[in-house]
Amino acid sequence: MKTIKISILVLAAILFFSCDEFKEDELITLVGRELAQDIEITKTQDFQAVYLEEHTGWGCNNCPRAAEKLEELSPLFGEKLIAVAIHAGSLSEPNRSNRFLDLRTDYGNSIAQAFGINARPMGVINRKNDLIQYNDWESHLNNELSLSQHSVNINMGVKEESNEILVGLEFEFLQSSQDNFLISVFVVEDNIIGIQRDGEDKVEDYVFNNVLRQNPLINLPLNTESVEQGQTIRKNYKIDIAINEEGRQFWNLSNCRIIVLLTEKISGKVVQANQIKIRN
Amino acid sequence: MKKIFPFFILCFLSSPFLSAQGILGGRVTGNFQTDIQSSRADSVIGASKLEDKMRINAFANILYTQDNFTAGFRYESYLNPVLGFDNEYKGAGIPFRFASYKKDFLEITLGNYYEQFGNGLIFRSYEERNLGLDNAMDGIRLVAKPYKGVILKGLVGKQRYYWEDVWQNDNGLVRGADAELNFNELMPKFAASDLRITLGGSFVSVYEKAGTENIVQPNGLYNDVYQLSVPANVGAGAFRWNIGYKNFTLQGEYAQKGQDPNAMNNYIYHKGNALLLAADYSIKGFALRFEGKRIDNMSFKSKRNLSGRMLNVNYLPAITRQHSYSLMSMYSYATQLNGEMGFQIDAMYKIKKGTLLGGANGTDVKLNYSYVSSIDKTPIEGIALNQKGTLGYESKFFSKGDDKYFEEINFEINKKFSRSYKMNFMYSYQEFNPIAYGHDGNPMIYAHILVAEGIYRFASRNSLKGELQVLMTKQDYDEFAKGDWLQIGAEYNLKGRCFFSLSDQWNYGTEQGDKVHYYNVSVGYTLNTTRVQLSYGKQRQGILCIGGVCREVPASNGLFMTITSSF
């Protein structure tokens with residue numbers, strides 16, 4: 001009889017824990033707004049890009065080395081390399097020591113969590129699952145570029161309005177595909193001055209580049225049916241500019257770029273990326 | 001899978017357990033089947049030429065058994081798949097391998113296995129070769145019988161999906177548990193009771209990475225893009241009972257499924273449920289059975305963005321009569337996973353020997369009636385019916401919807417005139433809604449079908465069978481409803497070893513008139529456990545249904561050979 005009781009308890013436990021449920025007001029979340037108007041395309045693409053997420057933090061002693069590595073790689077890869085710095089985890093928590101400069105975002109936190117980033121600096125290329133030390137970035141970037149099939153170009157345009165950035169995208173397919181794709185669009189900012197730990201030292205006027213900013217548009221649908229070679233798909237989005245308590249724009253738009261990623265819906269891997277400056 | 005199998009065999013052969021027991025002391029059994037098809041172009045029936053000339057499906061099961069230990073595998077090849085089978089099966093390999101042993105009260109299976117909880121409303125892993133269906137599990141299964149009358153089952157694994165390596169793909173992980181108590185076996189004082197009670201309960205959960213699912217809704221100058229909250233874990237529970245008293249039996253199962261937005265239900269969050277009821281009464285010479293069923297949003301797959309027949313976690317049986325005569329089954333009903341309700345009454349009466357109608361050998365009379373309709377679905381205020389990303393609709397449990405899906409009344413008379421001659425007569429009236437096959441908007445089909453079959457056994461143990469089938473309907477549109485049909489067939493059987501048959505299906509009630517004949521010639525030979533059958537003729541395009549699950553069969557014109565063997 002003891003076995004039966006245990007079995008019933010196990011069954012009850014399974015019943016209780018093995019089912020996710022959402023309330024009526026939790027079923028859907030507004031994640032973006034497509035514009036009805038086409039924003040003019042001003043930058044075209046004719047190459048395969050590679051996307052690097054640099055996981056960093058102001059309290060991370062070794063992170064300046066990774067940033068230096070990235071600066072070293074930038075001229076080698078040119079516009080083919082698109083890098084974003086994600087500040088997340090305990091080493092990014094703002095406090096008195098860094099004058100409460102908070103470079104974290106919800107999106108960055110979720111990416112770091114999804115990839116299980118427990119140590120920094122660390123890199124993830126094209127959102128594949130490998131975590132890569134900064135010394136190995138160059139070989140992995142080269143390897144990724146040689147393996148990637150150049151199957152799509154992302155042409156871009158951007159328009160600035162009061163507290164909004166309007167982004168025009170044109171996806172130009174060079175190969176047919178049965179896959180469904182998702183689009184992510186977000187802002188990164190360069191030249192943010194703040195405090196950074198560097199070994200034993202604390203650098204007061206450290207320059208943070210490629211910093212992921214708030215209000216991203218994440219995983220918006222591109223297609224629900226297969227795409228054909230030669231097909232182009234237009235999408236236009238609006239990104240709200242972050243506003244501080246005084247109603248002033250939180251970002252310096254002269255230092256900001258729009259990054260766009262095209263990912264496979266099922267695997268989440270990046271198949272193409274591009275970027276454009278908001279102000280020339 | 002290919003990497004795992006050699007490892008598995010190595011472990012199997014090098015196992016100290018097996019060495020100790022002596023592997024050569026066991027018993028090896030197996031069976032084999034191959035289907036070989038060729039077809040040429042035939043514009044009249046819509047058959048296309050096979051570019052590869054010949055297609056071959058084959059499989060072989062090999063089992064090793066020693067005492068309480070069993071291990072085996074199945075080799076399959078589809079080179080290339082015969083017409084009607086999914087092209088994804090193309091290839092060859094070993095998709096099924098397992099090892100199992102029983103020790104004390106426990107049976108443990110590692111590798112692939114099939115299993116069913118209750119009626120299968122929340123879990124059934126099975127193979128239906130004629131439909132090209134195989135959702136074998138790959139994982140671990142435990143069956144425990146700790147006391148007489150108590151059966152506990154637990155399992156975890158992933159389902160077969162053609163030839164994909166299940167441990168490399170993103171399909172969901174299936175976990176389940178089942179318990180069944182037979183009170184008459186459990187409690188000795190009820191062992192001989194007229195009252196028989198068996199109760200059971202089960203729970204299944206599918207884990208699949210939540211992923212991303214969006215909907216786009218127009219909003220003035222914008223299109224708002226919403227992301228669905230996708231449950232990574234979808235659970236379903238079921239409770240069943242089987243209560244009998246003397247000649248009466250009442251059995252049933254109720255199942256409920258949690259929120260499961262998926263491609264089959266247009267990503268709605270309406271909870272699913274299913275009820276299956278059956279009542280039987282039988283005395284000598286008479287049997288009566290009533291079945292009722294209600295299904296609401298019960299498509300349950302281990303991959304949420306997949307539609308079609310593959311990766312079903314559960315099985316929802318049909319409660320309409322499953323016919324074996326080809327014209328009777330031309331408009332077979334397919335279970336509507338998103339919602340249906342219906343019932344079936346089956347009665348069988350044996351007219352006694354020596355009466356006017358019973359004659360010298362008695363007469364069997366069978367009557368069957370079935371009815372299936374849609375269920376009530378009322379839109380939620382402010383939301384379109386079944387709108388993606390919403391609760392979908394409300395449904396009153398006992399209210400049916402406006403659409404009739406299927407209705408049939410049929411009766412059958414089996415009459416044995418003498419030891420050597422018997423006949424079977426059957427009539428069926430069917431109303432069939434093509435929406436059941438996804439042909440939404442096509443008119444309802446009303447069909448009268450008659451069958452007469454006679455078998456004469458000669459003194460030499462040879463037999464001759466004749467068959468006449470007629471289907472009459474006024475509906476004659478596109479490839480789905482083709483008017484009237486007549487089928488004539490004859491089969492001569494030599495002592496059960498060899499047979500020769502001729503048949504012709506004549507689609508005489510269409511615009512093409514009497515040009516559409518589907519003739520067929522077959523010959524077969526059986527020796528011990530080996531059988532070879534060769535057919536030549538035309539196969540009409542149609543739909544093959546088994547247990548409410550269907551697949552399309554394309555037209556063909558050519559040879560078909562089947563070889564089966566077992567040892």
# chains A, B, ... in the order shown; residues from 1 in each chain; ligands from 1
>>> interface_residues(of="chain B", to="chain A", cutoff="6 Å", atoms="only C-alpha atoms", output="MDAnalysis selection string")
chainID B and resid 205 221:229 231 233:235
>>> select_by_dssp(residues="region 75-250 of chain A", states="strand (DSSP E)", output="NGL selection string")
:A and (81-87 or 122-125 or 152-161 or 164-173 or 181-189 or 192-198 or 201-208 or 211-212 or 217-221 or 232-240)
>>> closest_residue(among="B:Cys545, B:Ile488, B:Leu199, B:Ala232", to="Gly211 (chain B)", atoms="only C-alpha atoms")
B:Ala232
>>> residues_around(residues="Ile86 (chain A)", least_positions_apart="6", cutoff="6 Å", atoms="only C-alpha atoms", output="PyMOL selection string")
chain A and resi 54-56+108+212
>>> write_last_selection(atoms="N, CA, C and O atoms", output="compact mmCIF listing (two decimals), in the first residue's frame")
# COMPACT_ATOMS: atom_id res chain seq x y z
N GLU A 54 29.45 40.64 -27.08
CA GLU A 54 30.53 40.71 -26.10
C GLU A 54 29.88 40.89 -24.73
O GLU A 54 29.27 41.92 -24.44
N HIS A 55 30.02 39.89 -23.87
CA HIS A 55 29.42 39.98 -22.53
C HIS A 55 30.45 40.60 -21.59
O HIS A 55 31.54 40.07 -21.42
N THR A 56 30.07 41.71 -21.01
CA THR A 56 31.04 42.51 -20.27
C THR A 56 30.38 43.13 -19.03
O THR A 56 29.22 42.86 -18.72
N GLY A 108 19.41 42.55 -22.61
CA GLY A 108 20.77 42.04 -22.38
C GLY A 108 20.78 40.99 -21.28
O GLY A 108 21.45 39.95 -21.41
N LEU A 212 24.57 48.02 -25.76
CA LEU A 212 23.17 47.73 -26.06
C LEU A 212 22.27 48.64 -25.23
O LEU A 212 22.44 48.78 -24.02
>>> residues_around(residues="Phe100 (chain A)", least_positions_apart="4", cutoff="10 Å", atoms="only C-alpha atoms", output="number ranges by chain")
A: 93-96, 194-195
>>> residues_around(residues="region 392-403 of chain B", least_positions_apart="6", cutoff="6 Å", atoms="only C-alpha atoms", output="PyMOL selection string")
chain B and resi 268+270+373-380+385-386
>>> write_last_selection(atoms="N, CA, C and O atoms", output="CSV table (one decimal), in the first residue's frame")
chain,number,residue,atom,x,y,z
B,268,ILE,N,-4.5,29.1,-30.1
B,268,ILE,CA,-5.5,29.6,-29.1
B,268,ILE,C,-5.1,28.9,-27.8
B,268,ILE,O,-4.5,27.9,-27.7
B,270,HIS,N,-7.5,28.1,-25.4
B,270,HIS,CA,-8.6,27.3,-24.9
B,270,HIS,C,-8.2,25.9,-24.4
B,270,HIS,O,-7.4,25.2,-25.1
B,373,SER,N,-21.1,15.5,-35.2
B,373,SER,CA,-21.3,16.9,-35.6
B,373,SER,C,-20.2,17.7,-35.0
B,373,SER,O,-19.4,17.2,-34.1
B,374,SER,N,-20.2,19.0,-35.3
B,374,SER,CA,-19.3,19.9,-34.7
B,374,SER,C,-19.8,20.2,-33.3
B,374,SER,O,-20.9,19.8,-32.9
B,375,ILE,N,-19.0,20.8,-32.5
B,375,ILE,CA,-19.4,21.2,-31.1
B,375,ILE,C,-19.7,22.7,-31.1
B,375,ILE,O,-19.3,23.4,-32.0
B,376,ASP,N,-20.5,23.1,-30.1
B,376,ASP,CA,-20.8,24.5,-29.9
B,376,ASP,C,-19.5,25.3,-29.7
B,376,ASP,O,-18.7,24.9,-28.9
B,377,LYS,N,-19.4,26.3,-30.5
B,377,LYS,CA,-18.3,27.3,-30.3
B,377,LYS,C,-18.8,28.7,-30.3
B,377,LYS,O,-19.2,29.1,-31.4
B,378,THR,N,-18.8,29.3,-29.2
B,378,THR,CA,-19.4,30.7,-29.1
B,378,THR,C,-18.2,31.7,-29.0
B,378,THR,O,-17.4,31.5,-28.1
B,379,PRO,N,-18.2,32.7,-29.9
B,379,PRO,CA,-17.1,33.7,-29.8
B,379,PRO,C,-17.1,34.4,-28.4
B,379,PRO,O,-18.2,34.6,-27.8
B,380,ILE,N,-15.9,34.7,-27.9
B,380,ILE,CA,-15.8,35.5,-26.7
B,380,ILE,C,-16.0,37.0,-27.1
B,380,ILE,O,-15.6,37.4,-28.2
B,385,LEU,N,-14.0,34.5,-33.5
B,385,LEU,CA,-14.0,33.1,-33.2
B,385,LEU,C,-12.7,32.5,-33.5
B,385,LEU,O,-12.2,32.7,-34.6
B,386,ASN,N,-12.1,31.8,-32.6
B,386,ASN,CA,-10.8,31.1,-32.8
B,386,ASN,C,-9.7,32.0,-33.1
B,386,ASN,O,-8.7,31.6,-33.8
>>> residues_around(residues="Asn142 (chain A)", least_positions_apart="2", cutoff="12 Å", atoms="only C-alpha atoms", output="PyMOL selection string")
chain A and resi 48-52+73+76-77+80-81+125+136-140+144-148
>>> closest_residue(among="B:Arg540, B:Leu559, B:Arg457, B:Leu195", to="Met54 (chain B)", atoms="only C-alpha atoms")
B:Leu559
>>> closest_residue(among="B:Ser463, B:Asn184, B:Gln159, B:Ser39", to="Phe96 (chain B)", atoms="only C-alpha atoms")
B:Gln159
>>> residues_around(residues="Asn507 (chain B)", least_positions_apart="4", cutoff="8 Å", atoms="only C-alpha atoms", output="PyMOL selection string")
chain B and resi 482-486+513-517
>>> closest_atom_pairs(of="region 126-186 of chain B", to="region 297-302 of chain B", cutoff="10 Å", atoms="only C-alpha atoms", output="JSON lines")
{"residue": "B:Lys158", "atom": "CA", "partner": "B:Ser302", "partner_atom": "CA", "distance": 8.1}
{"residue": "B:Gln159", "atom": "CA", "partner": "B:Ser302", "partner_atom": "CA", "distance": 7.6}
{"residue": "B:Asp170", "atom": "CA", "partner": "B:Ser302", "partner_atom": "CA", "distance": 9.6}
{"residue": "B:Asn171", "atom": "CA", "partner": "B:Ser302", "partner_atom": "CA", "distance": 6.0}
{"residue": "B:Gly172", "atom": "CA", "partner": "B:Ser302", "partner_atom": "CA", "distance": 4.6}
{"residue": "B:Leu173", "atom": "CA", "partner": "B:Ser302", "partner_atom": "CA", "distance": 7.0}
{"residue": "B:Val174", "atom": "CA", "partner": "B:Ser302", "partner_atom": "CA", "distance": 7.1}
>>> write_last_selection(atoms="C-alpha atoms", output="PDB file, in the first residue's frame")
ATOM      1  CA  LYS B 158      10.952  11.652 -27.612  1.00  0.00           C
ATOM      2  CA  GLN B 159       8.849  10.573 -30.553  1.00  0.00           C
ATOM      3  CA  ASP B 170      14.028  20.528 -31.173  1.00  0.00           C
ATOM      4  CA  ASN B 171      10.933  18.343 -30.829  1.00  0.00           C
ATOM      5  CA  GLY B 172       9.382  18.098 -27.407  1.00  0.00           C
ATOM      6  CA  LEU B 173      10.232  15.699 -24.608  1.00  0.00           C
ATOM      7  CA  VAL B 174       7.293  13.536 -23.515  1.00  0.00           C
TER       8      VAL B 174
END
>>> closest_residue(among="A:Ile154, A:Ile192, A:Val227, A:Leu141", to="Leu261 (chain A)", atoms="only C-alpha atoms")
A:Ile154
>>> closest_residue(among="B:Ser329, B:Gln116, B:Asn182, B:Gln256", to="Gln430 (chain B)", atoms="only C-alpha atoms")
B:Ser329
